[in-house]
file protein-v8.json (JSON, C-alpha atoms)
[["chain", "number", "residue", "atom", "x", "y", "z"],
["F", 1176, "MET", "CA", -10.72, 12.48, -2.06],
["F", 1177, "LYS", "CA", -7.60, 10.42, -2.69],
["F", 1178, "ILE", "CA", -6.53, 7.54, -0.46],
["F", 1179, "PHE", "CA", -3.06, 6.05, -0.62],
["F", 1180, "GLN", "CA", -1.96, 2.69, 0.77],
["F", 1181, "ILE", "CA", 1.56, 3.05, 2.16],
["F", 1182, "GLY", "CA", 2.38, -0.33, 3.69],
["F", 1183, "PHE", "CA", 4.31, -3.14, 2.06],
["F", 1184, "ASN", "CA", 3.05, -5.62, -0.48],
["F", 1185, "LYS", "CA", 1.88, -8.96, 0.93],
["F", 1186, "CYS", "CA", -0.17, -7.08, 3.55],
["F", 1187, "GLY", "CA", -3.61, -7.23, 1.97],
["F", 1188, "THR", "CA", -3.09, -4.77, -0.86],
["F", 1189, "LYS", "CA", -5.31, -6.74, -3.23],
["F", 1190, "SER", "CA", -7.95, -7.17, -0.52],
["F", 1191, "LEU", "CA", -7.94, -3.42, 0.10],
["F", 1192, "HIS", "CA", -8.24, -2.89, -3.65],
["F", 1193, "TYR", "CA", -11.26, -5.21, -3.83],
["F", 1194, "PHE", "CA", -12.84, -3.54, -0.78],
["F", 1195, "PHE", "CA", -12.82, -0.13, -2.45],
["F", 1196, "GLU", "CA", -14.02, -1.53, -5.78],
["F", 1197, "GLN", "CA", -16.89, -3.48, -4.22],
["F", 1198, "ASN", "CA", -18.04, -0.18, -2.73],
["F", 1199, "GLY", "CA", -18.04, 1.61, -6.08],
["F", 1200, "TYR", "CA", -14.69, 3.42, -5.86],
["F", 1201, "ASN", "CA", -12.11, 3.17, -8.62],
["F", 1202, "SER", "CA", -8.95, 1.60, -7.30],
["F", 1203, "PHE", "CA", -5.55, 1.53, -8.98],
["F", 1204, "HIS", "CA", -3.84, -1.63, -7.72],
["F", 1205, "TRP", "CA", -0.33, -1.96, -9.14],
["F", 1206, "LYS", "CA", -1.62, -2.08, -12.73],
["F", 1207, "ASP", "CA", -4.87, -0.68, -14.09],
["F", 1208, "LYS", "CA", -7.29, -2.27, -16.56],
["F", 1209, "LYS", "CA", -5.49, -0.53, -19.43],
["F", 1210, "GLY", "CA", -2.22, -2.23, -18.43],
["F", 1211, "ARG", "CA", -0.56, 0.92, -17.08],
["F", 1212, "LYS", "CA", 1.68, 0.35, -14.08],
["F", 1213, "LEU", "CA", 0.97, 2.74, -11.22],
["F", 1214, "ASP", "CA", 4.66, 3.24, -10.47],
["F", 1215, "ASP", "CA", 5.36, 4.12, -14.12],
["F", 1216, "VAL", "CA", 2.58, 6.73, -14.13],
["F", 1217, "LEU", "CA", 3.77, 8.31, -10.88],
["F", 1218, "TYR", "CA", 7.48, 8.34, -11.75],
["F", 1219, "ASN", "CA", 6.78, 9.74, -15.25],
["F", 1220, "ASN", "CA", 4.51, 12.48, -13.93],
["F", 1221, "HIS", "CA", 7.02, 13.37, -11.23],
["F", 1222, "SER", "CA", 9.89, 13.55, -13.73],
["F", 1223, "LYS", "CA", 7.79, 15.86, -15.95],
["F", 1224, "GLY", "CA", 6.95, 18.09, -12.98],
["F", 1225, "ILE", "CA", 3.21, 17.68, -13.51],
["F", 1226, "ASN", "CA", 0.43, 16.61, -11.15],
["F", 1227, "LEU", "CA", 1.44, 13.19, -9.84],
["F", 1228, "LEU", "CA", -2.04, 11.84, -10.54],
["F", 1229, "GLU", "CA", -2.35, 13.27, -14.06],
["F", 1230, "THR", "CA", -4.41, 10.74, -16.08],
["F", 1231, "CYS", "CA", -5.56, 9.09, -12.83],
["F", 1232, "GLU", "CA", -8.21, 11.58, -11.77],
["F", 1233, "ASP", "CA", -10.98, 8.96, -11.83],
["F", 1234, "PHE", "CA", -9.31, 6.83, -9.17],
["F", 1235, "THR", "CA", -9.98, 7.20, -5.45],
["F", 1236, "PHE", "CA", -7.72, 4.52, -3.98],
["F", 1237, "PHE", "CA", -4.10, 3.83, -4.95],
["F", 1238, "CYS", "CA", -2.24, 0.77, -3.71],
["F", 1239, "ASP", "CA", 0.68, -1.58, -4.15],
["F", 1240, "SER", "CA", 3.10, 1.07, -5.37],
["F", 1241, "ASN", "CA", 6.76, 1.46, -4.46],
["F", 1242, "PHE", "CA", 6.55, 5.15, -5.40],
["F", 1243, "ILE", "CA", 3.71, 5.77, -2.96],
["F", 1244, "GLN", "CA", 5.41, 3.79, -0.22],
["F", 1245, "ARG", "CA", 8.71, 5.63, -0.67],
["F", 1246, "HIS", "CA", 7.30, 9.12, -1.32],
["F", 1247, "PHE", "CA", 4.19, 9.34, 0.86],
["F", 1248, "GLU", "CA", 5.42, 12.68, 2.25],
["F", 1249, "LEU", "CA", 5.41, 14.16, -1.26],
["F", 1250, "LEU", "CA", 1.89, 12.85, -1.83],
["F", 1251, "GLU", "CA", 0.71, 14.26, 1.49],
["F", 1252, "MET", "CA", 2.09, 17.68, 0.58],
["F", 1253, "SER", "CA", 0.70, 17.50, -2.98],
["F", 1254, "PHE", "CA", -2.76, 16.37, -1.88],
["F", 1255, "PRO", "CA", -3.50, 18.03, 1.47],
["F", 1256, "ASP", "CA", -6.95, 16.38, 1.75],
["F", 1257, "ALA", "CA", -5.62, 12.89, 1.06],
["F", 1258, "LYS", "CA", -5.81, 10.03, 3.55],
["F", 1259, "PHE", "CA", -3.28, 7.25, 4.03],
["F", 1260, "ILE", "CA", -3.73, 3.62, 4.98],
["F", 1261, "PHE", "CA", -0.67, 1.97, 6.49],
["F", 1262, "ASN", "CA", -1.51, -1.70, 6.09],
["F", 1263, "ILE", "CA", 0.36, -4.01, 8.44],
["F", 1264, "ARG", "CA", 0.40, -7.58, 9.68],
["F", 1265, "PRO", "CA", 2.73, -9.48, 12.04],
["F", 1266, "VAL", "CA", 6.23, -9.01, 10.63],
["F", 1267, "LYS", "CA", 7.07, -12.72, 10.78],
["F", 1268, "ASP", "CA", 3.95, -13.57, 8.73],
["F", 1269, "TRP", "CA", 4.86, -10.87, 6.22],
["F", 1270, "LEU", "CA", 8.40, -12.21, 5.88],
["F", 1271, "VAL", "CA", 7.13, -15.72, 5.15],
["F", 1272, "SER", "CA", 4.62, -14.40, 2.61],
["F", 1273, "ARG", "CA", 7.16, -12.19, 0.88],
["F", 1274, "PHE", "CA", 9.76, -14.96, 0.92],
["F", 1275, "ASN", "CA", 7.32, -17.29, -0.87],
["F", 1276, "HIS", "CA", 5.75, -14.65, -3.15],
["F", 1277, "ALA", "CA", 5.38, -15.80, -6.76],
["F", 1278, "GLY", "CA", 7.16, -19.07, -6.03],
["F", 1279, "GLY", "CA", 10.19, -17.29, -4.59],
["F", 1280, "VAL", "CA", 10.72, -14.87, -7.50],
["F", 1281, "THR", "CA", 11.11, -11.85, -5.21],
["F", 1282, "LYS", "CA", 13.52, -13.66, -2.89],
["F", 1283, "ASN", "CA", 15.55, -14.99, -5.83],
["F", 1284, "TYR", "CA", 15.70, -11.52, -7.40],
["F", 1285, "TYR", "CA", 17.16, -10.05, -4.20],
["F", 1286, "MET", "CA", 19.60, -12.95, -3.78],
["F", 1287, "LYS", "CA", 20.89, -12.64, -7.35],
["F", 1288, "THR", "CA", 20.91, -8.82, -7.53],
["F", 1289, "TYR", "CA", 22.70, -8.34, -4.22],
["F", 1290, "ASN", "CA", 24.65, -11.63, -4.24],
["F", 1291, "THR", "CA", 23.28, -12.31, -0.77],
["F", 1292, "PRO", "CA", 22.16, -15.54, 0.96],
["F", 1293, "GLU", "CA", 18.53, -16.10, 1.98],
["F", 1294, "ASN", "CA", 19.05, -15.42, 5.69],
["F", 1295, "GLU", "CA", 20.58, -12.02, 4.92],
["F", 1296, "ILE", "CA", 17.66, -11.12, 2.64],
["F", 1297, "VAL", "CA", 15.25, -11.91, 5.47],
["F", 1298, "LYS", "CA", 17.26, -9.73, 7.89],
["F", 1299, "PHE", "CA", 17.33, -6.90, 5.34],
["F", 1300, "TRP", "CA", 13.55, -7.07, 4.84],
["F", 1301, "GLU", "CA", 12.93, -7.06, 8.59],
["F", 1302, "VAL", "CA", 15.08, -3.94, 9.02],
["F", 1303, "GLU", "CA", 13.40, -2.34, 6.00],
["F", 1304, "TRP", "CA", 9.98, -2.99, 7.63],
["F", 1305, "LYS", "CA", 11.03, -1.47, 10.96],
["F", 1306, "LEU", "CA", 12.55, 1.62, 9.36],
["F", 1307, "HIS", "CA", 9.49, 2.21, 7.17],
["F", 1308, "GLU", "CA", 7.15, 1.84, 10.14],
["F", 1309, "MET", "CA", 9.22, 4.31, 12.17],
["F", 1310, "ARG", "CA", 9.24, 6.76, 9.26],
["F", 1311, "VAL", "CA", 5.46, 6.55, 8.81],
["F", 1312, "ARG", "CA", 4.71, 6.93, 12.51],
["F", 1313, "ASN", "CA", 7.14, 9.85, 12.86],
["F", 1314, "TYR", "CA", 5.71, 11.69, 9.86],
["F", 1315, "PHE", "CA", 2.07, 11.31, 10.80],
["F", 1316, "GLN", "CA", 2.21, 13.00, 14.19],
["F", 1317, "GLY", "CA", 0.35, 15.99, 15.56],
["F", 1318, "GLN", "CA", -2.22, 17.41, 13.12],
["F", 1319, "LYS", "CA", -1.23, 14.85, 10.46],
["F", 1320, "LYS", "CA", -2.21, 11.93, 12.70],
["F", 1321, "LYS", "CA", -5.85, 12.20, 11.59],
["F", 1322, "LYS", "CA", -4.74, 11.52, 7.98],
["F", 1323, "LEU", "CA", -3.39, 8.06, 8.82],
["F", 1324, "LEU", "CA", -5.10, 4.75, 9.48],
["F", 1325, "ILE", "CA", -2.86, 1.96, 10.72],
["F", 1326, "TYR", "CA", -4.78, -1.02, 9.41],
["F", 1327, "ASN", "CA", -3.85, -4.47, 10.71],
["F", 1328, "ILE", "CA", -5.16, -6.92, 8.12],
["F", 1329, "MET", "CA", -5.37, -9.66, 10.76],
["F", 1330, "ILE", "CA", -7.58, -7.66, 13.15],
["F", 1331, "ASP", "CA", -9.28, -4.73, 11.41],
["F", 1332, "ASN", "CA", -12.25, -4.90, 9.05],
["F", 1333, "GLY", "CA", -14.34, -2.89, 6.62],
["F", 1334, "GLN", "CA", -15.98, -0.93, 9.43],
["F", 1335, "THR", "CA", -12.53, 0.31, 10.45],
["F", 1336, "ILE", "CA", -12.03, 1.82, 6.99],
["F", 1337, "SER", "CA", -15.55, 3.23, 6.92],
["F", 1338, "ASN", "CA", -14.98, 4.93, 10.29],
["F", 1339, "PHE", "CA", -11.70, 6.40, 9.03],
["F", 1340, "LEU", "CA", -13.30, 7.75, 5.85],
["F", 1341, "PRO", "CA", -16.68, 9.15, 6.97],
["F", 1342, "ASN", "CA", -16.95, 11.33, 3.83],
["F", 1343, "LEU", "CA", -17.16, 8.19, 1.67],
["F", 1344, "SER", "CA", -20.11, 5.82, 1.56],
["F", 1345, "PHE", "CA", -19.40, 2.14, 2.14],
["F", 1346, "THR", "CA", -22.42, -0.09, 1.63],
["F", 1347, "ASN", "CA", -20.57, -3.41, 1.73],
["F", 1348, "LEU", "CA", -18.39, -3.64, 4.83],
["F", 1349, "LYS", "CA", -17.40, -7.25, 4.22],
["F", 1350, "PHE", "CA", -13.64, -7.17, 3.87],
["F", 1351, "PRO", "CA", -12.58, -9.53, 1.06],
["F", 1352, "HIS", "CA", -9.59, -11.80, 1.56],
["F", 1353, "ALA", "CA", -8.02, -12.05, -1.88],
["F", 1354, "HIS", "CA", -5.50, -14.70, -0.84],
["F", 1355, "LYS", "CA", -7.35, -16.37, 2.01],
["F", 1356, "SER", "CA", -6.58, -19.77, 0.50],
["F", 1357, "HIS", "CA", -2.86, -19.11, 1.05],
["F", 1358, "ARG", "CA", -3.24, -18.90, 4.83]]
call {"tool": "encode", "arguments": {"input": "protein-v8.json", "output": "structure tokens"}}
result
Amino acid sequence: MKIFQIGFNKCGTKSLHYFFEQNGYNSFHWKDKKGRKLDDVLYNNHSKGINLLETCEDFTFFCDSNFIQRHFELLEMSFPDAKFIFNIRPVKDWLVSRFNHAGGVTKNYYMKTYNTPENEIVKFWEVEWKLHEMRVRNYFQGQKKKKLLIYNIMIDNGQTISNFLPNLSFTNLKFPHAHKSHR
């Protein structure tokens, strides 16, 4: 079984990664132990027209990837048994976290690249969040609804994931908070 995280960064991606690893499942969080970037692997495989997860067969959980977030429909069609975790948190909290991420590197990148002031970057990110959420909710309707877990990192816990994935065995339901000290 393959599980894909499809929410934005700064919404517990590293905590989700640790949760799967502490339960014995290989997790590919942004970069693997060999130094390969998940997005590079997925984009390269897609451009070659081969299985998107070629060379990643040993992984169960995939997270913190722009490719996955942007192309979850392709992944759902390519892996019909896959499950998806849409990790969320209050939008205002996410905006603050993303704004301050890596000492402002992300914010500064957007400001410089798009020659845009801070307040416009924040507005853009808020619209981007709302559009992505609408797209996810619209896609996972009807029969596909059972493939999606909307996981609020502020409310949900390890039991929520275990209930969503009954075919997997979770022996440690304690949900780690990778950046709890930042709160």
call {"tool": "closest_residue", "arguments": {"input": "protein-v8.json", "among": "F:Tyr1289, F:Trp1300, F:Tyr1326, F:Phe1339", "to": "Ser1272 (chain F)", "atoms": "all atoms listed in the file"}}
result
F:Trp1300
call {"tool": "atom_distance", "arguments": {"input": "protein-v8.json", "atom1": "CA of Glu1308 (chain F)", "atom2": "CA of Lys1282 (chain F)"}}
result
21.2 Å
call {"tool": "atom_distance", "arguments": {"input": "protein-v8.json", "atom1": "CA of Asn1327 (chain F)", "atom2": "CA of Arg1211 (chain F)"}}
result
28.5 Å
call {"tool": "closest_residue", "arguments": {"input": "protein-v8.json", "among": "F:Ile1296, F:Met1252, F:Ile1181, F:Ala1277", "to": "Leu1323 (chain F)", "atoms": "all atoms listed in the file"}}
result
F:Ile1181
call {"tool": "atom_distance", "arguments": {"input": "protein-v8.json", "atom1": "CA of Asn1275 (chain F)", "atom2": "CA of Cys1186 (chain F)"}}
result
13.4 Å
call {"tool": "closest_residue", "arguments": {"input": "protein-v8.json", "among": "F:Asn1342, F:Asn1262, F:Gln1316, F:Gln1244", "to": "Thr1188 (chain F)", "atoms": "all atoms listed in the file"}}
result
F:Asn1262
call {"tool": "closest_residue", "arguments": {"input": "protein-v8.json", "among": "F:Ile1225, F:Leu1213, F:Cys1231, F:Leu1250", "to": "Phe1179 (chain F)", "atoms": "only C-alpha atoms"}}
result
F:Leu1250
call {"tool": "residues_around", "arguments": {"input": "protein-v8.json", "residues": "Leu1324 (chain F)", "least_positions_apart": "5", "cutoff": "7 Å", "atoms": "all atoms listed in the file", "output": "number ranges by chain"}}
result
F: 1259-1261, 1339
call {"tool": "closest_residue", "arguments": {"input": "protein-v8.json", "among": "F:Tyr1200, F:Gly1182, F:Glu1229, F:Phe1247", "to": "Glu1303 (chain F)", "atoms": "all atoms listed in the file"}}
result
F:Gly1182
call {"tool": "closest_residue", "arguments": {"input": "protein-v8.json", "among": "F:Ala1353, F:Ile1178, F:Ile1263, F:Leu1249", "to": "Lys1305 (chain F)", "atoms": "only C-alpha atoms"}}
result
F:Ile1263
call {"tool": "residues_around", "arguments": {"input": "protein-v8.json", "residues": "Arg1273 (chain F)", "least_positions_apart": "6", "cutoff": "10 Å", "atoms": "all atoms listed in the file", "output": "number ranges by chain"}}
result
F: 1183-1186, 1267, 1279-1282, 1297, 1300
call {"tool": "write_last_selection", "arguments": {"input": "protein-v8.json", "atoms": "C-alpha atoms", "output": "PDB file, keeping the file's coordinate frame"}}
result
ATOM      1  CA  PHE F1183       4.310  -3.140   2.060  1.00  0.00           C
ATOM      2  CA  ASN F1184       3.050  -5.620  -0.480  1.00  0.00           C
ATOM      3  CA  LYS F1185       1.880  -8.960   0.930  1.00  0.00           C
ATOM      4  CA  CYS F1186      -0.170  -7.080   3.550  1.00  0.00           C
ATOM      5  CA  LYS F1267       7.070 -12.720  10.780  1.00  0.00           C
ATOM      6  CA  GLY F1279      10.190 -17.290  -4.590  1.00  0.00           C
ATOM      7  CA  VAL F1280      10.720 -14.870  -7.500  1.00  0.00           C
ATOM      8  CA  THR F1281      11.110 -11.850  -5.210  1.00  0.00           C
ATOM      9  CA  LYS F1282      13.520 -13.660  -2.890  1.00  0.00           C
ATOM     10  CA  VAL F1297      15.250 -11.910   5.470  1.00  0.00           C
ATOM     11  CA  TRP F1300      13.550  -7.070   4.840  1.00  0.00           C
TER      12      TRP F1300
END
